[in-house]
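*Asks:* One structure is given below, represented as structure tokens, and several questions about it will come after.
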Amino acid sequence: MSPEALPGLPGAAVLARAYRLYAKIVRWPELLGRMRETFLGVLEERGLAGREDIDAEVRARAMAGEIADTAEARHELRDALIDLLFARNLGDEEIENYVNLVRKRDKCGDLARVVGSDHSSAHDIRRALKDFCDIPKGELFISADEAEGIRVSLLSYWISSQLPFVGIAKRWVTIRDIDEILDHTIGHLAYPGRLGGKAAGMIVAQKILLPLLEHPDPDFERYITAPDTWYLSSGIFSDFVDRNGFHFFHTYKYKDRDEIAREYKGVEDLFASAAFPEDAMAEFRRLIEEVGEHPIIVRSSSYLEDSFGLAFSGKYQSVFLANQGGVEKRLAAFMRGVKTVLASMYGPDPILYRRDHGLLDYNERMAMIVQKVVGRRFGDWFLPFASGVMFSYNSYAWSPKIRKGDGLVRLVFGLGTRAVDRVGGDYPRLIPLSHPGLRPEATAEQVTRYSQRMVDAIDLKRGTLRTIDFRTLAAETGHPDLYEAVSVAEEGSLRPPLSRLQDLAGKPLVLTFENLVAKSPFVALVKKTLAAVQAAYGRPVDMEFAWDDGKLYILQCRSLSTRREIERVVVPLDTPAEERLFVSHTGLCSARVTGIEYIVYVDPRAYDRLSSVSEKRRIGWAVGQLNKRLAGKVYALMGPGRWGSNDINLGVQVGYADINNARLLVEIAFARDGYTPEVSYGTHFFQDLVESDIAYVPLHPDAEGSELAEDFLLSSENGLAGLDRELAPLAGIVHVVHVPSARPGYLLHVYLDAEAQVGMGVFA
């Protein structure tokens with residue numbers, strides 16, 4: 001058969017196209033055979049020419065004497081015909097794609113061999129990865145089975161070897177994604193290591209929503225983005241520990257908890273005076289120069305952090321840096337932040353958390369994430385419009401209307417620290433995604449009372465993270481998006497602004513986010529985001545985010561720790577009053593705790609009468625001591641306001657290590673005391689309770705239908721000194737009730753029904 005010209009083009013044009021094709025592919029002589037086999041396969045698949053047709057044409061030309069009757073001549077003609085037909089029938093872009101597909105398959109084989117070898121170095125793997133990724137991506141890809149094995153190996157080597165993560169990430173994080181991530185990773189060649197769990201979760205969430213090789217959802221493409229991010233490999237920090245002679249830290253985790261707590265400040269000081277090698281410092285300097293004078297956050301990303309079922313919420317440090325001034329000043333502050341985060345790996349809370357969950361023997365390592373803080377500058381202040389945490393499953397359904405499977409958002413104005421930490425006298429906006437306009441509060445007065453008043457932001461002038469009154473900040477900055485954040489308190493009601501042009505200066509503003517919820521794409525976008533990520537994870541997730549200038553920034557993602565689903569709890573409502581310890585109707589999750597032998601009761605009124613911070617801190621210390629003494633016992637912890645609050649006047653200041661042995665935590669708010677237990681759902685503190693299977697009850701004894709047998713707690717014999725003689729001076733504030741002694745033959749049993757929002761502690 002004689003090749004025909006392309007439609008509308010003379011034969012010379014076809015020959016020129018064939019020549020250009022040959023000139024292109026001859027650059028890879030070792031791949032010529034594979035390229036032509038690929039070309040021939042395409043021609044056959046499209047019905048343009050088959051092997052038999054081409055072979056017949058070659059034989060006919062040879063018999064006609066047009067070529068020498070040798071194998072070499074026939075082979076050359078066959079190749080020329082394949083090139084000619086391929087050039088005639090495919091466009092330039094298609095030809096480029098198929099040529100590069102063969103090249104990718106070749107480099108894919110090299111990469112598979114290198115990454116699968118125990119003898120390959122980090123340099124070997126990175127070089128093979130770069131060779132593959134230097135080939136243009138194009139529109140044709142290596143097969144899924146070819147890619148999957150390589151992805152698994154690369155993910156496990158560079159990012160995280162946690163199997164649940166790898167099982168999800170191999171579907172979404174491509175070979176090219178990993179190459180791009182490593183382009184932003186410090187120390188991955190000189191100090192090989194991994195990027196850790198927090199980095200892994202953030203990466204996979206972003207790739208689920210904005211996949212490289214698939215067409216993303218238009219809404220995700222329009223609204224979702226990520227902050228500029230760099231990664232610090234765990235190898236840098238392992239080298240730091242060994243280089244500075246800190247070998248004793250390899251067994252530090254086996255020390256007694258009290259010894260770890262006593263020595264922790266010394267660890268911070270020790271790290272502060274230690275040095276990184278010159279090559280690492282040079283890379284840190286380049287990072288600071290690249291970032292420029294933009295606020296950053298240094299975030300922990302340990303190997304175990306954000307792992308499935310065990311989130312390590314708030315166990316390790318994150319450090320905000322204003323990052324202003326000359327390079328040397330900014331670099332020095334950066335190094336202090338890095339060392340602070342690294343030292344936090346040796347704190348009492350994370351080590352005890354690991355001990356409680358059977359992870360103490362795991363060789364935990366620390367990597368870090370460095371991100372530009374999301375937000376904009378307003379005068380001397382830098383902050384995002386809003387931040388928070390979103391959950392694909394809502395365990396806190398305060399109304400039967402709420403569909404738990406639609407999720408929940410915990411939202412604050414400014415930086416998200418106030419969304420994940422327990423803060424004094426302040427409240428986030430809770431948005432149930434099934435009914436976004438539904439609030440726990442019934443009246444404008446309640447909405448105002450339980451609204452956010454203080455904002456966390458970066459003070460660029462002072463170079464610190466600060467908390468500022470919202471109205472003061474609003475007056476100073478004139479934030480352009482206040483329209484979406486506030487309502488105006490007028491004549492006993494709250495009215496969101498009618499338009500962005502409404503003058504809000506001097507008005508009594510309350511943070512309600514009504515217009516953000518009702519008049520922006522935020523709620524629909526968050527709901528769709530959670531559904532997509534949960535579907536990919538195959539389980540509920542929680543995600544930290546920032547919302548600024550109409551964009552959603554994904555900052556963190558992990559599987560959501562939820563309480564074990566149990567059949568609906570039957571609360572014994574017919575229990576006589578004398579057999580009841582408490583009744584609550586607010587903020588309950590379903591749970592059942594039976595056989596409680598001890599009650600540790602911190603008297604809210606007595607606690608409130610303490611005049612000094614040191615006295616109140618001593619109560620937190622006492623709770624921690626009792627927690628150790630009661631290890632192995634079933635005990636309940638009851639006390640004022642917000643357990644774990646950063647405001648010691650609003651609750652007993654405790655950490656995970658002070659409460660981890662309790663089975664029940666009750667937060668008591670007497671109306672006349674001014675305490676109001678914030679619904680803690682979604683905070684790091686709440687996640688600790690969930691993961692440690694500690695039931696949680698907010699209790700308002702003076703509210704209608706609620707009750708607390710306070711006389712029983714105060715009049716029963718106080719066993720405090722019997723457990724710890726050193727605590728005897730605190731007996732007027734801390735009461736320890738041994739239930740079988742106070743009520744012979746009885747134990748305390750607690751029943752919490754989330755659906756009916758009723759909880760009861762009964763003696764039986």
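We name chains A, B, ... following the order of the structure tokens; residues begin at 1 in each chain, and ligands are numbered from 1 as shown.
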Identify, on the basis of only C-alpha atoms, every residue whose closest approach to stretch 731-734 of chain A does not exceed 6 Å; exclude the query and any residue fewer than 3 positions from it along the same chain; express the result as a list in words.

*Replies:* Tyr601, Val602, Asp603, Ala606 and Ala728 of chain A

*Asks:* Write out as JSON lines the residues of stretch 24-83 of chain A that have any atom within 12 Å of an atom of stretch 105-128 of chain A, one row each with the nearest atom pair and its distance in Å to one decimal, counting only C-alpha atoms, sorted by chain and then rising number.

*Replies:*
```
{"residue": "A:Trp28", "atom": "CA", "partner": "A:Asp106", "partner_atom": "CA", "distance": 10.8}
{"residue": "A:Glu30", "atom": "CA", "partner": "A:Asp106", "partner_atom": "CA", "distance": 10.0}
{"residue": "A:Leu31", "atom": "CA", "partner": "A:Asp106", "partner_atom": "CA", "distance": 8.1}
{"residue": "A:Leu32", "atom": "CA", "partner": "A:Asp106", "partner_atom": "CA", "distance": 11.6}
{"residue": "A:Arg34", "atom": "CA", "partner": "A:Asp106", "partner_atom": "CA", "distance": 9.3}
{"residue": "A:Met35", "atom": "CA", "partner": "A:Arg105", "partner_atom": "CA", "distance": 10.5}
{"residue": "A:Thr38", "atom": "CA", "partner": "A:Arg105", "partner_atom": "CA", "distance": 11.2}
```

*Asks:* Among stretch 586-659 of chain A, which residues does DSSP mark as helix (DSSP H, G or I) when it is run on the backbone? Keep the chain and numbering as in the structure and answer as number ranges by chain.

*Replies:* A: 604-609, 613-629, 648-650, 656-659

*Asks:* Output as JSON lines one row per residue of stretch 205-310 of chain A within 10 Å of stretch 513-526 of chain A: the closest atom pair and its distance in Å to one decimal place, counting only C-alpha atoms, sorted by chain and residue number ascending.

*Replies:*
```
{"residue": "A:Asp219", "atom": "CA", "partner": "A:Leu525", "partner_atom": "CA", "distance": 7.2}
{"residue": "A:Phe220", "atom": "CA", "partner": "A:Leu525", "partner_atom": "CA", "distance": 7.8}
{"residue": "A:Tyr223", "atom": "CA", "partner": "A:Leu525", "partner_atom": "CA", "distance": 8.1}
{"residue": "A:Ile224", "atom": "CA", "partner": "A:Leu525", "partner_atom": "CA", "distance": 8.9}
```

*Asks:* I'd like the neighbourhood of A:Gly639 as number ranges by chain, where a residue qualifies if any of its atoms comes within 9 Å (using only C-alpha atoms), though same-chain residues fewer than 2 positions away should be ignored.

*Replies:* A: 600-604, 607, 637, 641-643, 651-652, 665-669

*Asks:* Rank nothing, just name the residue among A:Leu560, A:Leu90, A:Ile203, A:Ile142 nearest to A:Pro540, using only C-alpha atoms.

*Replies:*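 Between A:Leu560, A:Leu90, A:Ile203, A:Ile142, the residue approaching A:Pro540 most closely is A:Leu560.
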
*Asks:* Near A:Ile82, within 7 Å and counting only C-alpha atoms, which residues show up once chain neighbours fewer than 3 positions away are dropped, as a count of residues only?

*Replies:* 6

*Asks:* Smallest atom-to-atom distance to A:Arg103: which of A:Val341, A:Ala474, A:Leu730, A:Cys133, using only C-alpha atoms?

*Replies:*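 The shortest atom-to-atom distance to A:Arg103 comes from A:Cys133.
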
*Asks:* Please indicate the distance in Å from atom CA of A:Glu490 to atom CA of A:Pro508, rounded to one decimal place.

*Replies:*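 Result for atom CA of A:Glu490 versus atom CA of A:Pro508: 7.7 Å, one decimal.
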
*Asks:* According to DSSP computed on the backbone, where in stretch 579-686 of chain A is there strand (DSSP E)? Give the residues as number ranges by chain.

*Replies:* A: 580-584, 591-596, 598-602, 635-640, 664-668

*Asks:* Please provide as a count of residues only all residues within 12 Å of A:Glu57, with the sequence filter that same-chain residues fewer than 4 positions apart are discarded (counting only C-alpha atoms).

*Replies:* 22

*Asks:* Find the residues around A:His700 up to 8 Å (only C-alpha atoms counted), leave out those fewer than 2 positions away in its own chain, and share them as a ChimeraX atom specification.

*Replies:* /A:584,586,668-671,698,702-703,706-707

*Asks:* Pick from A:Leu195, A:Ala16, A:Ala332, A:Ala311: nearest to A:Arg365, with only C-alpha atoms counted?

*Replies:*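 For A:Arg365, the nearest of the candidates is A:Leu195.
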
*Asks:* Show me, as a ChimeraX atom specification, the residues that have an atom within 10 Å of A:Tyr19 when counting only C-alpha atoms, minus same-chain residues fewer than 4 positions from it.

*Replies:* /A:13-15,23-24,80,83-84,87

*Asks:* Using Å and a single decimal, report how far atom CA of A:Phe470 sits from atom CA of A:Val455.

*Replies:*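 Atom CA of A:Val455 sits 5.7 Å away from atom CA of A:Phe470.
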
*Asks:* If you measure from atom CA of A:Ala444 to atom CA of A:Thr472, what distance in Å do you get, rounded to one decimal?

*Replies:*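 Atom CA of A:Thr472 lies at a distance of 21.7 Å from atom CA of A:Ala444.
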